[in-house]
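Trainee: Sharing start37.pdb, PDB, C-alpha atoms, pLDDT in the B column:
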```pdb
MODEL        1
ATOM      1  CA  MET A   1      -0.461  60.371  37.831  1.00 90.00           C
ATOM      2  CA  PHE A   2       3.317  60.107  37.950  1.00 97.00           C
ATOM      3  CA  ASP A   3       5.700  57.530  36.571  1.00 98.00           C
ATOM      4  CA  ILE A   4       9.452  57.134  36.498  1.00 98.00           C
ATOM      5  CA  ARG A   5      11.361  54.411  34.718  1.00 97.00           C
ATOM      6  CA  ILE A   6      14.911  53.712  33.671  1.00 97.00           C
ATOM      7  CA  ALA A   7      15.146  52.661  30.021  1.00 95.00           C
ATOM      8  CA  GLU A   8      17.666  50.188  28.642  1.00 88.00           C
ATOM      9  CA  ASP A   9      20.004  53.004  27.550  1.00 90.00           C
ATOM     10  CA  ASN A  10      20.117  54.225  31.193  1.00 90.00           C
ATOM     11  CA  LYS A  11      17.863  57.177  30.314  1.00 96.00           C
ATOM     12  CA  VAL A  12      15.516  58.171  33.143  1.00 98.00           C
ATOM     13  CA  ILE A  13      12.029  58.897  31.808  1.00 98.00           C
ATOM     14  CA  LEU A  14       9.618  61.015  33.849  1.00 98.00           C
ATOM     15  CA  THR A  15       5.901  61.139  33.093  1.00 98.00           C
ATOM     16  CA  GLY A  16       2.966  63.100  34.509  1.00 98.00           C
ATOM     17  CA  ARG A  17       3.006  65.158  37.702  1.00 98.00           C
ATOM     18  CA  LEU A  18       5.861  64.943  40.206  1.00 98.00           C
ATOM     19  CA  ASP A  19       4.264  66.373  43.341  1.00 97.00           C
ATOM     20  CA  ALA A  20       5.006  65.868  47.037  1.00 96.00           C
ATOM     21  CA  SER A  21       2.963  62.667  47.204  1.00 96.00           C
ATOM     22  CA  GLN A  22       5.218  61.040  44.570  1.00 97.00           C
ATOM     23  CA  VAL A  23       8.688  61.809  45.922  1.00 96.00           C
ATOM     24  CA  ASP A  24       9.212  58.397  47.554  1.00 97.00           C
ATOM     25  CA  LYS A  25       8.565  56.699  44.222  1.00 97.00           C
ATOM     26  CA  ALA A  26      10.917  59.109  42.419  1.00 98.00           C
ATOM     27  CA  ARG A  27      13.629  58.759  45.054  1.00 97.00           C
ATOM     28  CA  ALA A  28      13.499  54.955  44.942  1.00 97.00           C
ATOM     29  CA  GLU A  29      14.191  54.932  41.186  1.00 97.00           C
ATOM     30  CA  LEU A  30      16.776  57.720  41.194  1.00 97.00           C
ATOM     31  CA  ASP A  31      18.707  55.915  43.935  1.00 97.00           C
ATOM     32  CA  LYS A  32      19.317  53.148  41.369  1.00 96.00           C
ATOM     33  CA  VAL A  33      21.212  55.577  39.116  1.00 96.00           C
ATOM     34  CA  LYS A  34      24.932  55.175  39.846  1.00 95.00           C
ATOM     35  CA  LEU A  35      26.502  56.649  36.683  1.00 96.00           C
ATOM     36  CA  SER A  36      25.901  59.757  34.569  1.00 97.00           C
ATOM     37  CA  ALA A  37      22.474  59.652  32.972  1.00 97.00           C
ATOM     38  CA  VAL A  38      20.038  61.661  30.874  1.00 98.00           C
ATOM     39  CA  VAL A  39      16.701  62.529  32.480  1.00 98.00           C
ATOM     40  CA  ASP A  40      13.966  63.034  29.889  1.00 98.00           C
ATOM     41  CA  PHE A  41      11.259  65.543  30.922  1.00 98.00           C
ATOM     42  CA  LYS A  42       9.322  65.318  27.644  1.00 97.00           C
ATOM     43  CA  ASP A  43       6.224  63.856  29.266  1.00 98.00           C
ATOM     44  CA  LEU A  44       6.583  65.546  32.648  1.00 98.00           C
ATOM     45  CA  GLU A  45       3.970  68.278  32.873  1.00 97.00           C
ATOM     46  CA  TYR A  46       4.588  69.478  36.434  1.00 98.00           C
ATOM     47  CA  ILE A  47       7.194  69.408  39.205  1.00 98.00           C
ATOM     48  CA  SER A  48       6.911  70.716  42.767  1.00 97.00           C
ATOM     49  CA  SER A  49       9.642  71.933  45.093  1.00 96.00           C
ATOM     50  CA  ALA A  50       9.645  68.453  46.640  1.00 96.00           C
ATOM     51  CA  GLY A  51      10.449  67.033  43.212  1.00 97.00           C
ATOM     52  CA  LEU A  52      13.233  69.555  42.762  1.00 96.00           C
ATOM     53  CA  GLY A  53      14.649  68.439  46.088  1.00 95.00           C
ATOM     54  CA  ILE A  54      14.792  64.803  44.988  1.00 96.00           C
ATOM     55  CA  LEU A  55      16.598  65.666  41.752  1.00 97.00           C
ATOM     56  CA  PHE A  56      18.967  67.960  43.643  1.00 96.00           C
ATOM     57  CA  ALA A  57      19.844  65.180  46.114  1.00 96.00           C
ATOM     58  CA  ALA A  58      20.488  62.733  43.254  1.00 97.00           C
ATOM     59  CA  GLN A  59      22.709  65.249  41.458  1.00 97.00           C
ATOM     60  CA  LYS A  60      24.670  66.006  44.625  1.00 96.00           C
ATOM     61  CA  ARG A  61      25.270  62.285  45.245  1.00 96.00           C
ATOM     62  CA  LEU A  62      26.346  61.668  41.638  1.00 97.00           C
ATOM     63  CA  LYS A  63      28.601  64.762  41.486  1.00 95.00           C
ATOM     64  CA  ASP A  64      30.405  63.551  44.602  1.00 94.00           C
ATOM     65  CA  GLY A  65      31.383  60.484  42.564  1.00 96.00           C
ATOM     66  CA  GLY A  66      32.323  62.450  39.453  1.00 97.00           C
ATOM     67  CA  GLN A  67      29.039  61.674  37.665  1.00 97.00           C
ATOM     68  CA  GLY A  68      25.964  63.791  36.916  1.00 97.00           C
ATOM     69  CA  LEU A  69      22.480  64.126  35.450  1.00 98.00           C
ATOM     70  CA  LYS A  70      21.711  65.844  32.160  1.00 98.00           C
ATOM     71  CA  LEU A  71      18.134  67.116  31.887  1.00 98.00           C
ATOM     72  CA  VAL A  72      16.443  67.282  28.485  1.00 98.00           C
ATOM     73  CA  ASN A  73      13.098  68.342  27.010  1.00 98.00           C
ATOM     74  CA  LEU A  74      11.894  70.524  29.909  1.00 98.00           C
ATOM     75  CA  ASN A  75       8.674  72.427  29.233  1.00 97.00           C
ATOM     76  CA  ASN A  76       8.808  76.227  29.591  1.00 97.00           C
ATOM     77  CA  HIS A  77       7.251  76.297  33.074  1.00 97.00           C
ATOM     78  CA  ILE A  78       9.630  73.712  34.475  1.00 98.00           C
ATOM     79  CA  ARG A  79      12.552  75.440  32.756  1.00 97.00           C
ATOM     80  CA  ASP A  80      11.536  78.723  34.476  1.00 96.00           C
ATOM     81  CA  VAL A  81      11.467  77.038  37.875  1.00 97.00           C
ATOM     82  CA  PHE A  82      14.942  75.570  37.315  1.00 96.00           C
ATOM     83  CA  ARG A  83      16.215  78.971  36.220  1.00 96.00           C
ATOM     84  CA  TYR A  84      14.726  80.842  39.223  1.00 96.00           C
ATOM     85  CA  ALA A  85      16.233  78.218  41.551  1.00 95.00           C
ATOM     86  CA  ARG A  86      19.577  78.614  39.710  1.00 94.00           C
ATOM     87  CA  PHE A  87      19.498  74.867  39.125  1.00 94.00           C
ATOM     88  CA  ASP A  88      20.724  75.651  35.617  1.00 93.00           C
ATOM     89  CA  THR A  89      24.140  76.092  37.265  1.00 93.00           C
ATOM     90  CA  ILE A  90      23.862  72.718  39.034  1.00 94.00           C
ATOM     91  CA  PHE A  91      22.520  70.554  36.205  1.00 96.00           C
ATOM     92  CA  GLU A  92      23.425  70.376  32.543  1.00 96.00           C
ATOM     93  CA  ILE A  93      20.142  71.340  30.868  1.00 97.00           C
ATOM     94  CA  GLU A  94      19.516  70.912  27.163  1.00 93.00           C
TER      95      GLU A  94
ATOM     96  CA  MET B   1     -15.030  78.620  44.144  1.00 97.00           C
ATOM     97  CA  GLU B   2     -13.958  76.962  47.372  1.00 97.00           C
ATOM     98  CA  GLN B   3     -13.440  73.535  48.863  1.00 98.00           C
ATOM     99  CA  TYR B   4     -12.120  71.956  52.059  1.00 97.00           C
ATOM    100  CA  PHE B   5      -9.357  69.336  51.905  1.00 97.00           C
ATOM    101  CA  ASN B   6      -8.146  66.836  54.481  1.00 95.00           C
ATOM    102  CA  LYS B   7      -4.747  67.710  55.894  1.00 94.00           C
ATOM    103  CA  SER B   8      -2.805  64.965  54.141  1.00 94.00           C
ATOM    104  CA  PHE B   9      -0.500  64.556  51.152  1.00 94.00           C
ATOM    105  CA  ASP B  10      -3.160  62.159  49.871  1.00 94.00           C
ATOM    106  CA  SER B  11      -5.335  65.219  49.196  1.00 96.00           C
ATOM    107  CA  LEU B  12      -3.015  66.521  46.475  1.00 97.00           C
ATOM    108  CA  GLU B  13      -4.746  64.626  43.661  1.00 96.00           C
ATOM    109  CA  GLU B  14      -8.084  66.077  44.744  1.00 98.00           C
ATOM    110  CA  ILE B  15      -6.556  69.559  45.012  1.00 98.00           C
ATOM    111  CA  PHE B  16      -5.138  69.431  41.483  1.00 98.00           C
ATOM    112  CA  ASN B  17      -8.522  68.283  40.180  1.00 98.00           C
ATOM    113  CA  PHE B  18     -10.203  71.159  42.045  1.00 98.00           C
ATOM    114  CA  LEU B  19      -7.726  73.663  40.583  1.00 98.00           C
ATOM    115  CA  ASP B  20      -8.334  72.346  37.060  1.00 98.00           C
ATOM    116  CA  ARG B  21     -12.086  72.816  37.566  1.00 98.00           C
ATOM    117  CA  CYS B  22     -11.494  76.369  38.850  1.00 98.00           C
ATOM    118  CA  PHE B  23      -9.265  77.230  35.885  1.00 98.00           C
ATOM    119  CA  LEU B  24     -11.971  76.157  33.472  1.00 98.00           C
ATOM    120  CA  GLU B  25     -14.819  77.814  35.359  1.00 97.00           C
ATOM    121  CA  LEU B  26     -12.918  81.075  35.879  1.00 97.00           C
ATOM    122  CA  ASP B  27     -11.353  80.996  32.390  1.00 96.00           C
ATOM    123  CA  VAL B  28      -7.794  81.226  33.718  1.00 97.00           C
ATOM    124  CA  GLU B  29      -5.172  81.361  30.980  1.00 96.00           C
ATOM    125  CA  GLU B  30      -2.827  78.429  30.462  1.00 96.00           C
ATOM    126  CA  GLU B  31       0.326  80.378  31.393  1.00 96.00           C
ATOM    127  CA  ALA B  32      -0.950  81.079  34.917  1.00 98.00           C
ATOM    128  CA  ARG B  33      -1.960  77.523  35.763  1.00 98.00           C
ATOM    129  CA  PHE B  34       1.453  76.005  36.499  1.00 98.00           C
ATOM    130  CA  PRO B  35       2.546  78.827  38.860  1.00 98.00           C
ATOM    131  CA  VAL B  36      -0.751  78.671  40.767  1.00 98.00           C
ATOM    132  CA  LYS B  37      -0.559  74.871  41.128  1.00 98.00           C
ATOM    133  CA  PHE B  38       3.043  75.134  42.312  1.00 98.00           C
ATOM    134  CA  ALA B  39       2.167  77.775  44.922  1.00 98.00           C
ATOM    135  CA  VAL B  40      -0.972  76.046  46.212  1.00 98.00           C
ATOM    136  CA  GLU B  41       0.873  72.732  46.585  1.00 98.00           C
ATOM    137  CA  GLU B  42       3.747  74.458  48.361  1.00 96.00           C
ATOM    138  CA  ILE B  43       1.520  76.246  50.880  1.00 96.00           C
ATOM    139  CA  PHE B  44      -0.680  73.189  51.422  1.00 96.00           C
ATOM    140  CA  THR B  45       2.248  70.806  52.018  1.00 95.00           C
ATOM    141  CA  ASN B  46       3.768  73.313  54.437  1.00 92.00           C
ATOM    142  CA  MET B  47       0.498  73.306  56.379  1.00 93.00           C
ATOM    143  CA  VAL B  48       0.550  69.494  56.437  1.00 92.00           C
ATOM    144  CA  LYS B  49       4.204  69.270  57.515  1.00 89.00           C
ATOM    145  CA  TYR B  50       4.513  72.149  59.956  1.00 86.00           C
ATOM    146  CA  ASN B  51       1.078  72.285  61.600  1.00 80.00           C
ATOM    147  CA  PRO B  52       0.181  68.592  61.942  1.00 80.00           C
ATOM    148  CA  GLU B  53      -1.292  68.769  65.444  1.00 79.00           C
ATOM    149  CA  GLN B  54      -4.378  70.548  64.113  1.00 79.00           C
ATOM    150  CA  GLN B  55      -6.236  67.897  62.129  1.00 82.00           C
ATOM    151  CA  ASN B  56      -8.785  70.283  60.657  1.00 88.00           C
ATOM    152  CA  ALA B  57      -9.524  70.490  56.961  1.00 94.00           C
ATOM    153  CA  ILE B  58      -7.824  73.248  54.960  1.00 96.00           C
ATOM    154  CA  LEU B  59      -9.935  75.678  52.957  1.00 97.00           C
ATOM    155  CA  ILE B  60      -8.813  76.669  49.468  1.00 98.00           C
ATOM    156  CA  LEU B  61     -10.686  79.459  47.711  1.00 98.00           C
ATOM    157  CA  LEU B  62     -10.130  80.914  44.237  1.00 98.00           C
ATOM    158  CA  LYS B  63     -11.689  84.014  42.774  1.00 98.00           C
ATOM    159  CA  LYS B  64     -10.983  86.090  39.693  1.00 97.00           C
ATOM    160  CA  ASN B  65     -11.467  89.815  39.559  1.00 96.00           C
ATOM    161  CA  GLY B  66     -10.599  91.270  36.174  1.00 95.00           C
ATOM    162  CA  ARG B  67      -6.970  90.396  35.483  1.00 96.00           C
ATOM    163  CA  GLU B  68      -6.272  89.306  39.042  1.00 97.00           C
ATOM    164  CA  LEU B  69      -6.577  85.750  40.307  1.00 98.00           C
ATOM    165  CA  THR B  70      -6.710  85.512  44.107  1.00 98.00           C
ATOM    166  CA  ILE B  71      -6.189  82.297  46.044  1.00 98.00           C
ATOM    167  CA  GLN B  72      -6.848  82.089  49.775  1.00 98.00           C
ATOM    168  CA  MET B  73      -5.836  79.166  51.972  1.00 97.00           C
ATOM    169  CA  VAL B  74      -7.026  78.944  55.584  1.00 96.00           C
ATOM    170  CA  ASP B  75      -5.718  76.621  58.281  1.00 94.00           C
ATOM    171  CA  ARG B  76      -6.477  76.465  62.001  1.00 92.00           C
ATOM    172  CA  GLN B  77      -3.231  77.375  63.790  1.00 87.00           C
ATOM    173  CA  ASP B  78      -2.718  78.505  67.390  1.00 82.00           C
ATOM    174  CA  GLN B  79       0.637  80.202  66.879  1.00 84.00           C
ATOM    175  CA  PRO B  80       1.241  82.436  63.858  1.00 87.00           C
ATOM    176  CA  PHE B  81       3.917  81.565  61.335  1.00 85.00           C
ATOM    177  CA  ASP B  82       4.310  84.236  58.708  1.00 86.00           C
ATOM    178  CA  ILE B  83       5.136  82.308  55.582  1.00 83.00           C
ATOM    179  CA  SER B  84       5.503  85.525  53.603  1.00 82.00           C
ATOM    180  CA  LYS B  85       8.695  86.238  55.553  1.00 81.00           C
ATOM    181  CA  ALA B  86      10.179  82.767  54.883  1.00 79.00           C
ATOM    182  CA  GLY B  87      12.039  81.564  51.819  1.00 68.00           C
ATOM    183  CA  GLY B  88      15.314  83.389  52.282  1.00 78.00           C
ATOM    184  CA  VAL B  89      17.655  81.053  50.423  1.00 86.00           C
ATOM    185  CA  ASP B  90      20.915  81.834  48.673  1.00 87.00           C
ATOM    186  CA  VAL B  91      20.452  80.276  45.255  1.00 88.00           C
ATOM    187  CA  GLY B  92      23.888  81.480  44.183  1.00 87.00           C
ATOM    188  CA  LEU B  93      25.800  79.019  46.335  1.00 90.00           C
ATOM    189  CA  PRO B  94      27.722  76.156  44.692  1.00 87.00           C
ATOM    190  CA  ILE B  95      26.149  72.694  44.838  1.00 87.00           C
ATOM    191  CA  ASP B  96      28.237  71.464  47.770  1.00 85.00           C
ATOM    192  CA  GLN B  97      27.029  74.351  49.935  1.00 88.00           C
ATOM    193  CA  ARG B  98      23.378  74.428  48.858  1.00 87.00           C
ATOM    194  CA  LYS B  99      20.472  72.873  50.688  1.00 79.00           C
ATOM    195  CA  PRO B 100      17.057  72.364  49.078  1.00 71.00           C
ATOM    196  CA  GLY B 101      15.126  73.622  52.142  1.00 77.00           C
ATOM    197  CA  GLY B 102      13.223  76.901  51.777  1.00 82.00           C
ATOM    198  CA  LEU B 103      13.272  76.722  48.002  1.00 91.00           C
ATOM    199  CA  GLY B 104       9.518  76.173  47.688  1.00 93.00           C
ATOM    200  CA  ILE B 105       8.519  79.430  49.352  1.00 93.00           C
ATOM    201  CA  PHE B 106      11.290  81.271  47.504  1.00 93.00           C
ATOM    202  CA  LEU B 107       9.922  79.990  44.185  1.00 95.00           C
ATOM    203  CA  THR B 108       6.318  80.687  45.188  1.00 96.00           C
ATOM    204  CA  LYS B 109       7.253  84.334  45.660  1.00 94.00           C
ATOM    205  CA  LYS B 110       9.015  84.362  42.297  1.00 95.00           C
ATOM    206  CA  LEU B 111       6.117  82.767  40.422  1.00 96.00           C
ATOM    207  CA  LEU B 112       3.286  84.795  41.962  1.00 97.00           C
ATOM    208  CA  ASP B 113       2.741  88.531  42.276  1.00 97.00           C
ATOM    209  CA  LYS B 114       1.713  88.718  45.931  1.00 97.00           C
ATOM    210  CA  VAL B 115       2.018  86.470  48.999  1.00 96.00           C
ATOM    211  CA  GLU B 116       0.336  87.798  52.156  1.00 96.00           C
ATOM    212  CA  TYR B 117      -0.170  86.303  55.605  1.00 96.00           C
ATOM    213  CA  GLU B 118      -2.765  87.061  58.285  1.00 96.00           C
ATOM    214  CA  HIS B 119      -3.343  85.389  61.648  1.00 95.00           C
ATOM    215  CA  SER B 120      -6.488  85.976  63.676  1.00 95.00           C
ATOM    216  CA  GLU B 121      -8.878  83.926  65.816  1.00 93.00           C
ATOM    217  CA  LYS B 122      -6.366  81.037  65.766  1.00 91.00           C
ATOM    218  CA  LYS B 123      -6.452  80.807  62.004  1.00 94.00           C
ATOM    219  CA  SER B 124      -3.700  81.373  59.460  1.00 94.00           C
ATOM    220  CA  LYS B 125      -4.863  82.848  56.182  1.00 96.00           C
ATOM    221  CA  ILE B 126      -2.503  83.020  53.223  1.00 97.00           C
ATOM    222  CA  THR B 127      -3.502  85.119  50.248  1.00 98.00           C
ATOM    223  CA  LEU B 128      -1.788  84.583  46.920  1.00 98.00           C
ATOM    224  CA  VAL B 129      -2.300  86.800  43.887  1.00 98.00           C
ATOM    225  CA  LYS B 130      -1.415  86.018  40.284  1.00 98.00           C
ATOM    226  CA  ASN B 131      -1.763  88.794  37.735  1.00 98.00           C
ATOM    227  CA  LEU B 132      -3.235  87.564  34.464  1.00 97.00           C
ATOM    228  CA  GLU B 133      -2.566  88.666  30.900  1.00 90.00           C
ATOM    229  CA  ARG B 134      -6.267  88.636  30.050  1.00 81.00           C
TER     230      ARG B 134
ENDMDL
END
```
For the file at hand, write its structure as structure tokens.
Mentor:
Amino acid sequence: MFDIRIAEDNKVILTGRLDASQVDKARAELDKVKLSAVVDFKDLEYISSAGLGILFAAQKRLKDGGQGLKLVNLNNHIRDVFRYARFDTIFEIE
Amino acid sequence: MEQYFNKSFDSLEEIFNFLDRCFLELDVEEEARFPVKFAVEEIFTNMVKYNPEQQNAILILLKKNGRELTIQMVDRQDQPFDISKAGGVDVGLPIDQRKPGGLGIFLTKKLLDKVEYEHSEKKSKITLVKNLER
């Protein structure tokens, strides 16, 4: 199960497993983000390379407009994947 | 433990459920589960995307031998494509020069201890190995 929602404070909340079958759903919500935002990974247990690609595309689009995503509460496995991909140089990660 | 899966992204839920059953049955430690799921999904989705003309089911097999977990994935494929030689991406490039393509295989190689490819009798067999702590 995967869910993505944008809270009232513009925080993007991810839940469950972001695998290749869920990227259309993730992309549709992330496309709504037009300004800098925090993405909360607290309840995201898994992300695939397809999920990384969606976040990367959103960050690239936002950076082009002087905005950006800040990622918080990544679990250790997801943090490792971001580090290996050197996405820690592309995103602000807390 | 082994199971066949339809060549579709819709099979991913079933694959994750199968892997969870394998982890319990084979007593695979928690730390190894995420990397194995990541690698299996990556290889499977590559088979779906890049070999769609063959509508056969894909075999996934897991076995544990001591501190070594081996995963084999078999797909019918006329022409070989050695996935173990793919994944050459420059992760050091700045964001405006980077492309996400190829990252999945690159990360699969980082997360696992061995990625091997064989092609014979019109079948591609990918063998993944994850070394375990216990």
Trainee: If you apply the PyMOL selection byres ((chain A and resi 63) around 12) to this file, what residues do you get, as JSON, numbers by chain?
Mentor: {"A": [34, 35, 36, 37, 56, 57, 58, 59, 60, 61, 62, 64, 65, 66, 67, 68, 69, 70, 90, 91, 92], "B": [94, 95, 96]}
Trainee: Give one line per residue of chain B that approaches chain A to at most 10 Å, naming the two atoms of the closest pair and their distance in Å to one decimal, counting only C-alpha atoms; sort by chain then ascending residue number and deliver it as CSV.
Mentor:
```
residue,atom,partner,partner_atom,distance
B:Ser8,CA,A:Ser21,CA,9.3
B:Phe9,CA,A:Ser21,CA,5.6
B:Asp10,CA,A:Ser21,CA,6.7
B:Ser11,CA,A:Ser21,CA,8.9
B:Leu12,CA,A:Ser21,CA,7.1
B:Glu13,CA,A:Met1,CA,8.4
B:Phe16,CA,A:Arg17,CA,9.9
B:Glu31,CA,A:His77,CA,8.2
B:Ala32,CA,A:His77,CA,9.7
B:Arg33,CA,A:His77,CA,9.7
B:Phe34,CA,A:His77,CA,6.7
B:Pro35,CA,A:His77,CA,7.9
B:Lys37,CA,A:Ser48,CA,8.7
B:Phe38,CA,A:Ser48,CA,5.9
B:Ala39,CA,A:Ser48,CA,8.8
B:Glu41,CA,A:Ser48,CA,7.4
B:Glu42,CA,A:Ser49,CA,7.2
B:Thr45,CA,A:Ala20,CA,7.5
B:Val89,CA,A:Ala85,CA,9.4
B:Asp90,CA,A:Ala85,CA,9.3
B:Val91,CA,A:Arg86,CA,5.9
B:Gly92,CA,A:Arg86,CA,6.8
B:Leu93,CA,A:Arg86,CA,9.1
B:Pro94,CA,A:Ile90,CA,7.7
B:Ile95,CA,A:Ile90,CA,6.2
B:Asp96,CA,A:Lys60,CA,7.2
B:Arg98,CA,A:Phe56,CA,9.4
B:Lys99,CA,A:Gly53,CA,8.6
B:Pro100,CA,A:Gly53,CA,5.5
B:Gly101,CA,A:Gly53,CA,8.0
B:Gly102,CA,A:Ser49,CA,9.1
B:Leu103,CA,A:Ser49,CA,6.7
B:Gly104,CA,A:Ser49,CA,5.0
B:Ile105,CA,A:Ser49,CA,8.7
B:Phe106,CA,A:Ala85,CA,8.3
B:Leu107,CA,A:Tyr84,CA,7.0
B:Thr108,CA,A:Ser49,CA,9.4
B:Lys110,CA,A:Tyr84,CA,7.4
B:Leu111,CA,A:Val81,CA,8.2
```
Trainee: Compare B:Phe81, B:Tyr117, B:Phe18, B:Phe44 by their minimum atom-to-atom distance to Asn6 in chain B, counting all atoms listed in the file, and give me the closest one.
Mentor: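 That would be B:Phe44, the residue with the smallest distance to Asn6 in chain B.
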Trainee: Applying 10 Å and only C-alpha atoms, which residues near Asn65 in chain B remain after dropping the ones on its own chain fewer than 6 positions away? List them as a PyMOL selection string.
Mentor: chain B and resi 26+131-132
Trainee: For the selection just defined, write its residues with C-alpha atoms to a file, as an mmCIF file, in the frame of the given file.
Mentor:
```
data_model
loop_
_atom_site.group_PDB
_atom_site.id
_atom_site.type_symbol
_atom_site.label_atom_id
_atom_site.label_comp_id
_atom_site.auth_asym_id
_atom_site.auth_seq_id
_atom_site.Cartn_x
_atom_site.Cartn_y
_atom_site.Cartn_z
ATOM 1 C CA LEU B 26 -12.918 81.075 35.879
ATOM 2 C CA ASN B 131 -1.763 88.794 37.735
ATOM 3 C CA LEU B 132 -3.235 87.564 34.464
#
```
Trainee: What is the distance between CA of Gln54 in chain B and CA of Leu112 in chain B, in Å to one decimal?
Mentor: 27.4 Å
Trainee: Could you tell me which of B:Ile15, B:Gly88, B:Phe5, B:Gly66 comes closest to Val40 in chain B if we count only C-alpha atoms?
Mentor: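 Among the listed residues, B:Ile15 lies closest to Val40 in chain B.
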Trainee: Can you work out which one of B:Val28, B:Met1, B:Val74, B:Leu62 has the shortest atom-to-atom distance to Glu133 in chain B, counting only C-alpha atoms?
Mentor: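 Nearest to Glu133 in chain B: B:Val28.
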Trainee: Find, counting all atoms listed in the file, the residue in B:Val48, B:Ile43, B:Ala86, B:Ile60 that gets nearest to Lys7 in chain B.
Mentor: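 Ranking B:Val48, B:Ile43, B:Ala86, B:Ile60 by distance to Lys7 in chain B, first place goes to B:Val48.
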Trainee: Can you work out which one of A:Val12, A:Ala26, A:Leu18, A:Val72 has the shortest atom-to-atom distance to Lys42 in chain A, counting only C-alpha atoms?
Mentor: A:Val72
Trainee: Check the smallest atom-to-atom distance from each of B:Ser84, B:Gln97, B:Thr70, B:Thr127 to Phe23 in chain B using only C-alpha atoms, then report the winner.
Mentor: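 For Phe23 in chain B, the nearest of the given residues is B:Thr70.
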Trainee: What is the distance between CA of Arg27 in chain A and CA of Leu74 in chain A, in Å to one decimal?
Mentor: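 Rounded to one decimal, the two atoms are 19.3 Å apart.
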Trainee: Run through the PyMOL selection byres ((chain B and resi 79) around 12) on the given coordinates and return the selected residues as a PyMOL selection string.
Mentor: chain B and resi 50-51+53-54+75-78+80-82+118-124
Trainee: To one decimal in Å, tell me the separation between CA of Leu128 in chain B and CA of Arg79 in chain A.
Mentor: 22.1 Å
Trainee: To test your reading of the syntax: which residues would the PyMOL selection byres ((chain B and resi 4) around 6) return for the file shown? Reply as number ranges by chain.
Mentor: B: 3, 5, 57-59
